[in-house]
Structures are given as structure tokens and as C-alpha cells.
Amino acid sequence: MIAFVICLLAPPLGFAAPAICGSSLDTNATSSDGFCWDAATFGGFNYPVNKHKDFVASENWWGERLQYIEKDGQNELGKNNPGNHVISEGELVYSTRQFSNKYVLVSELGLDAGTTPAELGGMFYYKLPWFGKPYITIENDASQLANLVINQGGSEKKMLKAGETWDLGKDYSLTVNQIDIEGKKVWFSLYKGDNELESGIVE
């Protein structure tokens, strides 16, 4: 029997170490290509609930996976070689794939590909789970990752007056500099700490 176990935290002295375990697989009953754990079978991986059907699909899976891949053709793990309980170096492979998320604005306004503002860069943005934590891919490029600062639900709203600042978290803030009521324009500035990152007018 082989089970995948990982300890996520180093506990204080005198306390037991917490562990998150993946589903146990019997080496006497599982074929070599069946040793695979994803977010549905290992609690340490990031699990977007609304993407479950894609996690379990064999061809279109998204998210994280840990899989045994036989590489040297010797001492294969599984029911064809039940006496072997050793995974050779390089045969336990971690992989991850980004998954799409539709912008709340697109859903609320009923926009499609033709009516979505070009500034959004499309109807969707992408997240990439990486060792249990979701990141945002910059311009859908999985080699460029950023932390998600804030994620509002569809029913959440924030009202700001001129001169007010919204603390977004993680030292980011958004300030309303000026409001042109007649022209229906707002001048915003985005800050990281005391440094202005970007400023612009939204109509």
C-alpha cells in the first residue's frame, strides 16, 4: 500500500504535526498509470469547487496533479510488479495547468466577445494553482504570476467620494482624486504603500 502524505506546517514544540493526506492506493491492485492525485483526491492542492468537472476529466483537466510516471522501464510500480514499493528519482511528477475565470463585470452586464471592453483583454482572466495557492497569470502567461489582491463577489459594491481611499489589502489602495458629475468621469489613482503605481480617468 502506498499513500501520499505531506506536512504543511512546522508545529511548535510539544504539538503534533498536522498532515494532509491524499487518497491511498494499493500497489497490488493499481496499474502503474493509476498513481495520480489531483485537487479532488489530495486536500493540499488548490480546489476551485466550480471547476470540479474539469479536474476529473482525463483530457481537459485543470489545476494541480502529482503523478507517478515510469521512466526507466525497470521496477515498475503497480499490480504488474507487486513486490516493488520504490519510486525512482524523477518518477513522481508535479504538474499544474491554468484555468479560466469569467470577469464578474462581464457576467453582470451580460457582455459577450463583441461587447466586452478591449481594456479587459477579453472576457476571462486565468488562475494558475501553484503548490496549493492560486495565482493570477499576467496576460494569460503562466510564466508571469501575481498574487490576487482582492476578489469581489457579484453582489458586492464599494461607494467612494472624491478624496476617499479604499484599502484593497496587501498594502494596495485606490484613491478617488476627482469626480466630474456632468461629464460622468472619475479620476482614480492606484497606490502601493505611498507610491503611486498608476493613475487614470474612467468614464
# chains A, B, ... in the order shown; residues from 1 in each chain; ligands from 1

$ residues_around --residues "stretch 50-55 of chain A" --least-positions-apart "5" --cutoff "10 Å" --atoms "only C-alpha atoms" --output "VMD selection string"
chain A and resid 38 to 40 60 to 65 99 to 101

$ residues_around --residues "A:Ser155" --least-positions-apart "3" --cutoff "10 Å" --atoms "only C-alpha atoms" --output "PyMOL selection string"
chain A and resi 104+108+152

$ write_last_selection --atoms "C-alpha atoms" --output "mmCIF file, in the first residue's frame"
data_model
loop_
_atom_site.group_PDB
_atom_site.id
_atom_site.type_symbol
_atom_site.label_atom_id
_atom_site.label_comp_id
_atom_site.auth_asym_id
_atom_site.auth_seq_id
_atom_site.Cartn_x
_atom_site.Cartn_y
_atom_site.Cartn_z
ATOM 1 C CA VAL A 104 -17.808 39.403 -12.746
ATOM 2 C CA GLU A 108 -23.360 41.050 -14.564
ATOM 3 C CA GLN A 152 -15.311 40.960 -5.076
#

$ residues_around --residues "A:Ala113" --least-positions-apart "4" --cutoff "9 Å" --atoms "only C-alpha atoms" --output "list in words"
Pro117, Gly122 and Met123 of chain A

$ select_by_dssp --residues "chain A" --states "alpha helix (DSSP H)" --output "PyMOL selection string"
chain A and resi 52-56+104-109

$ residues_around --residues "A:Asp167" --least-positions-apart "4" --cutoff "12 Å" --atoms "only C-alpha atoms" --output "ChimeraX atom specification"
/A:149-150,158,160,171-176,190-193

$ write_last_selection --atoms "N, CA and C atoms" --output "CSV table (one decimal), in the first residue's frame"
chain,number,residue,atom,x,y,z
A,149,VAL,N,-5.1,40.3,-5.1
A,149,VAL,CA,-5.2,41.2,-4.0
A,149,VAL,C,-6.6,41.2,-3.4
A,150,ILE,N,-7.6,41.4,-4.3
A,150,ILE,CA,-9.0,41.4,-3.8
A,150,ILE,C,-9.9,40.8,-4.9
A,158,LYS,N,-18.7,49.0,-3.7
A,158,LYS,CA,-18.0,49.9,-2.9
A,158,LYS,C,-18.2,51.3,-3.3
A,160,LEU,N,-17.4,55.3,-3.1
A,160,LEU,CA,-16.3,56.3,-2.7
A,160,LEU,C,-16.7,57.7,-3.2
A,171,ASP,N,-1.3,46.2,1.2
A,171,ASP,CA,-0.7,47.5,1.1
A,171,ASP,C,-1.1,48.2,-0.2
A,172,TYR,N,-2.1,47.7,-0.9
A,172,TYR,CA,-2.6,48.4,-2.1
A,172,TYR,C,-3.8,49.3,-1.7
A,173,SER,N,-4.0,50.4,-2.4
A,173,SER,CA,-5.1,51.3,-2.1
A,173,SER,C,-5.5,52.0,-3.4
A,174,LEU,N,-6.8,52.4,-3.5
A,174,LEU,CA,-7.4,53.1,-4.6
A,174,LEU,C,-8.0,54.4,-4.1
A,175,THR,N,-7.5,55.5,-4.7
A,175,THR,CA,-8.0,56.8,-4.3
A,175,THR,C,-8.8,57.5,-5.4
A,176,VAL,N,-9.9,58.1,-5.0
A,176,VAL,CA,-10.7,58.9,-6.0
A,176,VAL,C,-10.2,60.3,-5.8
A,190,LEU,N,-4.0,54.4,-8.2
A,190,LEU,CA,-3.7,53.2,-7.5
A,190,LEU,C,-2.4,53.3,-6.9
A,191,TYR,N,-2.3,52.9,-5.6
A,191,TYR,CA,-1.1,53.1,-4.8
A,191,TYR,C,-0.6,51.7,-4.2
A,192,LYS,N,0.7,51.6,-4.1
A,192,LYS,CA,1.3,50.5,-3.3
A,192,LYS,C,2.1,51.2,-2.2
A,193,GLY,N,1.5,51.2,-1.0
A,193,GLY,CA,2.1,52.0,0.1
A,193,GLY,C,1.9,53.4,-0.2

$ closest_residue --among "A:Val106, A:Gln98, A:Glu91, A:Trp166" --to "A:Asp141" --atoms "only C-alpha atoms"
A:Gln98

$ residues_around --residues "A:Ile138" --least-positions-apart "5" --cutoff "12 Å" --atoms "only C-alpha atoms" --output "PyMOL selection string"
chain A and resi 98+121+124-128+143-148

$ select_by_dssp --residues "stretch 146-179 of chain A" --states "strand (DSSP E)" --output "VMD selection string"
chain A and resid 146 165 to 169 172 to 179

$ atom_distance --atom1 "atom CA of A:Asn140" --atom2 "atom CA of A:Glu196"
24.9 Å
